$ cat input34.csv   # CSV, C-alpha atoms and all ligand atoms
chain,number,residue,atom,x,y,z
A,230,MET,CA,5.9,-18.5,-10.4
A,231,ASN,CA,3.9,-19.6,-7.4
A,232,MET,CA,3.1,-16.6,-5.3
A,233,GLN,CA,1.0,-18.5,-2.8
A,234,PRO,CA,3.7,-18.7,0.0
A,235,TYR,CA,3.8,-15.0,0.1
A,236,LEU,CA,0.1,-14.5,0.7
A,237,THR,CA,-0.6,-16.7,3.7
A,238,PRO,CA,-0.6,-14.6,6.9
A,239,MET,CA,2.1,-15.7,9.3
A,240,ARG,CA,1.7,-13.1,12.0
A,241,ARG,CA,-0.5,-10.1,12.7
A,242,PHE,CA,1.0,-6.9,14.0
A,243,ALA,CA,-0.4,-3.5,15.1
A,244,GLY,CA,1.0,-0.1,16.0
A,245,GLU,CA,-0.9,3.0,17.0
A,246,LEU,CA,-1.4,4.2,13.4
A,247,PHE,CA,-1.3,0.9,11.5
A,248,ALA,CA,-2.2,-2.8,11.6
A,249,GLY,CA,-1.4,-5.6,9.3
A,250,ALA,CA,0.1,-9.0,8.6
A,251,GLN,CA,3.6,-10.3,7.9
A,252,LEU,CA,3.3,-12.9,5.1
A,253,SER,CA,7.0,-13.9,4.9
A,254,PRO,CA,9.8,-13.3,7.3
A,255,ALA,CA,11.4,-9.8,7.2
A,256,ASN,CA,15.0,-9.9,6.2
A,257,LYS,CA,17.5,-7.3,7.2
A,258,ASN,CA,19.6,-8.0,4.1
A,259,GLN,CA,16.7,-7.1,1.8
A,260,VAL,CA,15.4,-3.9,0.2
A,261,VAL,CA,11.7,-3.4,0.5
A,262,GLN,CA,9.6,-1.7,-2.2
A,263,VAL,CA,6.3,-0.2,-1.0
A,264,PHE,CA,3.1,-0.1,-3.0
A,265,ASP,CA,-0.2,1.7,-2.2
A,266,VAL,CA,-3.4,-0.2,-3.2
A,267,ASP,CA,-6.2,2.0,-4.4
A,268,SER,CA,-5.6,3.9,-7.7
A,269,THR,CA,-2.0,2.5,-7.6
A,270,LEU,CA,-2.2,-1.3,-7.8
A,271,THR,CA,-6.0,-1.1,-8.6
A,272,ALA,CA,-7.4,0.5,-11.7
A,273,ASP,CA,-10.8,2.0,-11.9
A,274,PRO,CA,-12.9,-0.3,-14.1
A,275,TYR,CA,-13.9,0.8,-17.6
A,276,GLY,CA,-17.4,1.9,-18.1
A,277,PRO,CA,-19.9,3.7,-16.0
A,278,MET,CA,-19.4,3.7,-12.2
A,279,PRO,CA,-22.2,3.9,-9.7
A,280,VAL,CA,-22.4,7.1,-7.6
A,281,ILE,CA,-19.9,6.5,-4.7
A,282,THR,CA,-21.6,7.2,-1.4
A,283,GLY,CA,-18.5,7.1,0.8
A,284,LYS,CA,-15.2,5.4,1.3
A,285,ASP,CA,-16.7,2.1,2.5
A,286,HIS,CA,-18.8,2.0,-0.6
A,287,TYR,CA,-15.7,2.6,-2.7
A,288,PHE,CA,-13.7,-0.1,-0.9
A,289,ASP,CA,-16.6,-2.6,-1.3
A,290,LEU,CA,-16.6,-1.9,-5.1
A,291,ALA,CA,-12.8,-2.1,-5.2
A,292,ARG,CA,-12.9,-5.8,-4.3
A,293,ASP,CA,-13.8,-6.3,-8.0
A,294,PHE,CA,-11.6,-3.7,-9.6
A,295,PRO,CA,-8.9,-4.9,-12.0
A,296,ALA,CA,-5.2,-4.5,-11.4
A,297,ASN,CA,-3.3,-1.7,-13.1
A,298,GLU,CA,-1.1,-4.2,-14.8
A,299,ALA,CA,1.8,-1.8,-15.5
A,300,VAL,CA,2.2,-1.2,-11.7
A,301,ALA,CA,1.4,-4.9,-10.8
A,302,ASP,CA,4.2,-6.0,-13.3
A,303,LEU,CA,6.6,-3.6,-11.6
A,304,ALA,CA,5.9,-5.3,-8.2
A,305,ARG,CA,6.3,-8.7,-9.8
A,306,MET,CA,9.5,-7.8,-11.4
A,307,LEU,CA,11.0,-6.2,-8.3
A,308,HIS,CA,10.0,-9.2,-6.3
A,309,SER,CA,11.5,-11.7,-8.8
A,310,LYS,CA,14.8,-9.8,-8.6
A,311,GLY,CA,14.9,-10.3,-4.9
A,312,ASP,CA,13.3,-7.3,-3.2
A,313,ALA,CA,10.6,-7.6,-0.6
A,314,ILE,CA,7.2,-6.1,-1.4
A,315,ALA,CA,5.2,-4.3,1.2
A,316,ILE,CA,1.6,-3.2,0.6
A,317,ALA,CA,0.8,0.0,2.5
A,318,THR,CA,-2.7,1.3,2.3
A,319,ALA,CA,-4.9,3.8,4.2
A,320,ARG,CA,-7.8,1.2,3.9
A,321,PRO,CA,-9.2,0.4,7.4
A,322,ALA,CA,-7.5,-2.5,9.1
A,323,GLU,CA,-10.8,-4.6,8.9
A,324,ARG,CA,-10.1,-4.9,5.2
A,325,LEU,CA,-6.9,-6.9,5.6
A,326,GLN,CA,-8.3,-10.2,4.5
A,327,GLU,CA,-10.1,-8.9,1.4
A,328,THR,CA,-7.0,-6.9,0.5
A,329,ILE,CA,-4.9,-10.1,0.7
A,330,ASP,CA,-7.6,-12.0,-1.3
A,331,TRP,CA,-7.5,-9.3,-4.0
A,332,LEU,CA,-3.6,-9.4,-4.2
A,333,ARG,CA,-3.7,-13.2,-4.5
A,334,ARG,CA,-6.4,-13.1,-7.2
A,335,ASN,CA,-4.2,-10.7,-9.2
A,336,ASN,CA,-0.9,-12.6,-8.6
A,337,ILE,CA,0.7,-9.6,-6.9
A,338,PRO,CA,3.4,-10.6,-4.4
A,339,ALA,CA,3.3,-9.3,-0.9
A,340,ASP,CA,5.6,-9.9,2.1
A,341,GLN,CA,3.7,-7.5,4.3
A,342,VAL,CA,0.3,-5.9,4.1
A,343,ILE,CA,-0.2,-2.8,6.2
A,344,LEU,CA,-3.4,-0.9,6.7
A,345,SER,CA,-4.4,2.1,8.7
A,346,THR,CA,-6.1,2.3,12.1
A,347,GLY,CA,-7.7,5.5,10.9
A,348,LYS,CA,-6.3,7.7,13.7
A,349,GLU,CA,-4.4,9.9,11.3
A,350,PRO,CA,-4.8,10.8,7.7
A,351,SER,CA,-2.8,8.7,5.2
A,352,GLY,CA,0.0,11.2,4.8
A,353,ILE,CA,0.8,10.7,8.5
A,354,ALA,CA,-0.1,7.0,8.9
A,355,LYS,CA,2.0,6.0,5.9
A,356,GLN,CA,5.0,7.7,7.5
A,357,ALA,CA,4.6,5.3,10.5
A,358,MET,CA,4.4,2.4,8.1
A,359,LEU,CA,7.6,3.5,6.3
A,360,GLN,CA,9.3,3.8,9.7
A,361,LYS,CA,8.2,0.2,10.5
A,362,LEU,CA,9.6,-1.0,7.2
A,363,GLN,CA,12.9,0.9,7.8
A,364,ASP,CA,13.2,-1.1,11.1
A,365,ASP,CA,12.3,-4.5,9.4
A,366,TYR,CA,14.5,-4.3,6.2
A,367,LYS,CA,17.9,-3.1,5.1
A,368,LEU,CA,16.4,-0.2,3.2
A,369,VAL,CA,13.0,1.1,2.0
A,370,GLY,CA,13.5,1.5,-1.7
A,371,THR,CA,10.6,3.4,-3.3
A,372,LEU,CA,7.0,4.2,-2.4
A,373,PHE,CA,4.6,4.0,-5.4
A,374,ASP,CA,1.5,6.0,-4.5
A,375,ASP,CA,-1.2,8.2,-6.1
A,376,SER,CA,-1.6,10.5,-3.1
A,377,PRO,CA,0.6,13.7,-3.2
A,378,PHE,CA,0.3,13.7,0.6
A,379,ASN,CA,1.8,10.2,0.9
A,380,ILE,CA,4.5,11.3,-1.5
A,381,GLU,CA,5.3,14.3,0.7
A,382,GLY,CA,5.2,12.0,3.8
A,383,ALA,CA,7.8,9.7,2.1
A,384,ARG,CA,10.0,12.6,1.4
A,385,LEU,CA,9.8,13.6,5.1
A,386,GLN,CA,11.0,10.1,6.0
A,387,GLY,CA,13.8,10.2,3.5
A,388,VAL,CA,12.2,7.6,1.2
A,389,ASP,CA,12.1,7.9,-2.6
A,390,ALA,CA,8.7,7.9,-4.3
A,391,VAL,CA,7.0,7.5,-7.6
A,392,HIS,CA,3.8,9.6,-7.9
A,393,LEU,CA,1.1,8.1,-10.1
A,394,ARG,CA,-1.2,10.8,-11.1
A,395,THR,CA,-4.2,8.5,-11.5
A,396,ASN,CA,-6.4,10.4,-9.0
A,397,GLN,CA,-5.3,14.0,-8.9
A,398,ASP,CA,-8.9,15.5,-9.0
A,399,TYR,CA,-9.8,13.6,-5.9
A,400,TRP,CA,-6.7,14.7,-4.0
A,401,ASP,CA,-7.2,18.3,-5.1
A,402,ALA,CA,-10.6,18.1,-3.6
A,403,HIS,CA,-9.5,16.4,-0.4
A,404,PRO,CA,-6.3,18.1,0.8
A,405,GLU,CA,-4.5,16.8,3.9
A,406,LYS,CA,-2.1,18.6,6.2
A,407,VAL,CA,1.2,16.7,6.3
A,408,TYR,CA,3.8,17.1,9.0
A,409,LYS,CA,6.9,15.1,9.7
A,410,LEU,CA,6.1,12.1,12.0
A,411,THR,CA,9.0,11.8,14.5
A,412,ARG,CA,9.8,8.5,16.3
A,501,MG,MG,-4.2,5.3,-3.4
$ encode --input "input34.csv" --output "structure tokens" --more "lines below"
Ligand SMILES: [Mg+2]
Amino acid sequence: MNMQPYLTPMRRFAGELFAGAQLSPANKNQVVQVFDVDSTLTADPYGPMPVITGKDHYFDLARDFPANEAVADLARMLHSKGDAIAIATARPAERLQETIDWLRRNNIPADQVILSTGKEPSGIAKQAMLQKLQDDYKLVGTLFDDSPFNIEGARLQGVDAVHLRTNQDYWDAHPEKVYKLTR
């Protein structure tokens, strides 16, 4: 299957808490499935990792991380049955192009790629992304994410979620306060 048409930015958009690109037209008759990137679609590489000096260092390294093929296959399967795929990440908005490049290299379909402006922690910012997707599509199906705070944010927006426990030690060490984002 040629995924290329889904990975060429058509239109940039920005809100207070997010910014991103529309890669194919949003369709009010379509269900959208939402995938986080880091530790959800990406897998930590095998073997020794360098000492991570900060989030930017991690994101730099993640350009070369492999895909978690089980999760990537799920996105491909849902897309091939007709659902839209949105990528929702707390990565900073400046990392849009490299995120699209990584998705393309790994043949992961994407109709929208949404990143954070960094004004709020991800548990809040992702709620704003889910609200945007609720406006764009018929229904937001499921959020796939490794952050328990993003899972809680999805619950507060009435969105089902699948929690991947790939990164629990990190989240235990970096708790976030989650409250319901109202419109
Ligand atoms: Mg993640």
$ residues_near_ligand --input "input34.csv" --ligand "ligand MG 501 (chain A)" --cutoff "10 Å" --atoms "all atoms listed in the file" --output "VMD selection string"
chain A and resid 264 to 271 317 to 320 351 373 to 377 379 393 to 396 400
$ closest_residue --input "input34.csv" --among "A:Met358, A:Ala243, A:Ala255, A:Ile343" --to "Leu325 (chain A)" --atoms "only C-alpha atoms"
A:Ile343
$ residues_near_point --input "input34.csv" --point "(-5.8, -11.7, 8.2)" --cutoff "8 Å" --atoms "all atoms listed in the file" --output "ChimeraX atom specification"
/A:238,241,249-250,325-326,329
$ residues_around --input "input34.csv" --residues "Thr346 (chain A)" --least-positions-apart "2" --cutoff "6 Å" --atoms "all atoms listed in the file" --output "PDB file with C-alpha atoms, in the frame of the given file"
ATOM      1  CA  LEU A 246      -1.400   4.200  13.400  1.00  0.00           C
ATOM      2  CA  PHE A 247      -1.300   0.900  11.500  1.00  0.00           C
ATOM      3  CA  PRO A 321      -9.200   0.400   7.400  1.00  0.00           C
ATOM      4  CA  ALA A 322      -7.500  -2.500   9.100  1.00  0.00           C
ATOM      5  CA  LYS A 348      -6.300   7.700  13.700  1.00  0.00           C
TER       6      LYS A 348
END
$ atom_distance --input "input34.csv" --atom1 "CA of Gln262 (chain A)" --atom2 "CA of Phe242 (chain A)"
19.1 Å
$ atom_distance --input "input34.csv" --atom1 "CA of Val261 (chain A)" --atom2 "CA of Ala296 (chain A)"
20.7 Å
$ atom_distance --input "input34.csv" --atom1 "CA of Thr328 (chain A)" --atom2 "CA of Leu236 (chain A)"
10.4 Å
$ closest_residue --input "input34.csv" --among "A:Tyr399, A:Tyr275, A:Tyr408, A:Tyr366" --to "Ala313 (chain A)" --atoms "only C-alpha atoms"
A:Tyr366
$ decode --input "input34.csv" --residues "region 245-327 of chain A" --atoms "C-alpha atoms" --output "short mmCIF file (atom, residue, chain, number, x, y, z; two decimals), in the first residue's frame"
data_model
loop_
_atom_site.label_atom_id
_atom_site.label_comp_id
_atom_site.auth_asym_id
_atom_site.auth_seq_id
_atom_site.Cartn_x
_atom_site.Cartn_y
_atom_site.Cartn_z
CA GLU A 245 -3.18 27.55 22.10
CA LEU A 246 -2.01 24.14 23.31
CA PHE A 247 -1.15 22.38 20.05
CA ALA A 248 0.17 22.88 16.53
CA GLY A 249 0.42 20.48 13.63
CA ALA A 250 -0.38 19.52 10.09
CA GLN A 251 -3.38 18.13 8.27
CA LEU A 252 -2.09 15.49 5.84
CA SER A 253 -5.40 14.46 4.32
CA PRO A 254 -8.83 16.12 4.46
CA ALA A 255 -10.76 15.53 7.69
CA ASN A 256 -13.98 13.66 7.10
CA LYS A 257 -17.05 13.99 9.31
CA ASN A 258 -18.14 10.45 8.34
CA GLN A 259 -14.91 8.91 9.58
CA VAL A 260 -13.79 7.56 12.94
CA VAL A 261 -10.33 8.76 13.97
CA GLN A 262 -7.91 6.62 15.99
CA VAL A 263 -5.24 8.45 17.96
CA PHE A 264 -1.67 7.31 18.52
CA ASP A 265 1.00 8.80 20.76
CA VAL A 266 4.56 8.65 19.37
CA ASP A 267 7.26 8.15 22.00
CA SER A 268 7.16 4.77 23.74
CA THR A 269 3.92 3.99 21.88
CA LEU A 270 4.74 3.96 18.16
CA THR A 271 8.46 4.08 18.89
CA ALA A 272 10.34 1.33 20.69
CA ASP A 273 13.49 1.93 22.68
CA PRO A 274 16.38 0.40 20.75
CA TYR A 275 17.98 -2.80 21.99
CA GLY A 276 21.36 -2.50 23.59
CA PRO A 277 22.98 0.17 25.74
CA MET A 278 21.55 3.69 25.58
CA PRO A 279 23.61 6.81 26.24
CA VAL A 280 22.81 8.80 29.37
CA ILE A 281 19.84 10.99 28.42
CA THR A 282 20.58 14.60 29.33
CA GLY A 283 17.08 15.95 28.74
CA LYS A 284 13.96 15.76 26.62
CA ASP A 285 15.61 17.36 23.58
CA HIS A 286 18.43 14.84 23.73
CA TYR A 287 15.86 12.03 23.92
CA PHE A 288 13.88 13.38 20.93
CA ASP A 289 17.12 13.73 18.94
CA LEU A 290 17.95 10.08 19.61
CA ALA A 291 14.36 9.02 18.86
CA ARG A 292 14.80 10.05 15.20
CA ASP A 293 16.58 6.70 14.83
CA PHE A 294 14.45 4.57 17.15
CA PRO A 295 12.68 1.59 15.58
CA ALA A 296 8.90 1.31 15.46
CA ASN A 297 7.03 -0.86 17.94
CA GLU A 298 5.73 -3.05 15.14
CA ALA A 299 2.75 -4.41 17.10
CA VAL A 300 1.44 -0.87 17.60
CA ALA A 301 2.43 0.25 14.10
CA ASP A 302 0.58 -2.73 12.62
CA LEU A 303 -2.51 -1.77 14.59
CA ALA A 304 -2.40 1.72 13.06
CA ARG A 305 -1.92 0.25 9.58
CA MET A 306 -4.79 -2.20 10.08
CA LEU A 307 -7.20 0.43 11.40
CA HIS A 308 -6.26 2.73 8.55
CA SER A 309 -6.76 0.03 5.93
CA LYS A 310 -10.26 -0.67 7.27
CA GLY A 311 -11.13 2.99 6.74
CA ASP A 312 -10.42 4.85 9.97
CA ALA A 313 -8.42 8.06 10.02
CA ILE A 314 -5.19 8.03 12.01
CA ALA A 315 -4.14 11.02 14.11
CA ILE A 316 -0.73 11.25 15.69
CA ALA A 317 -0.90 13.19 18.98
CA THR A 318 2.37 13.83 20.76
CA ALA A 319 3.69 16.11 23.48
CA ARG A 320 6.84 16.61 21.40
CA PRO A 321 7.48 20.31 20.79
CA ALA A 322 5.89 21.73 17.64
CA GLU A 323 9.33 22.37 16.05
CA ARG A 324 9.67 18.61 15.71
CA LEU A 325 6.77 18.31 13.25
CA GLN A 326 8.82 17.60 10.13
CA GLU A 327 11.12 15.04 11.73
#
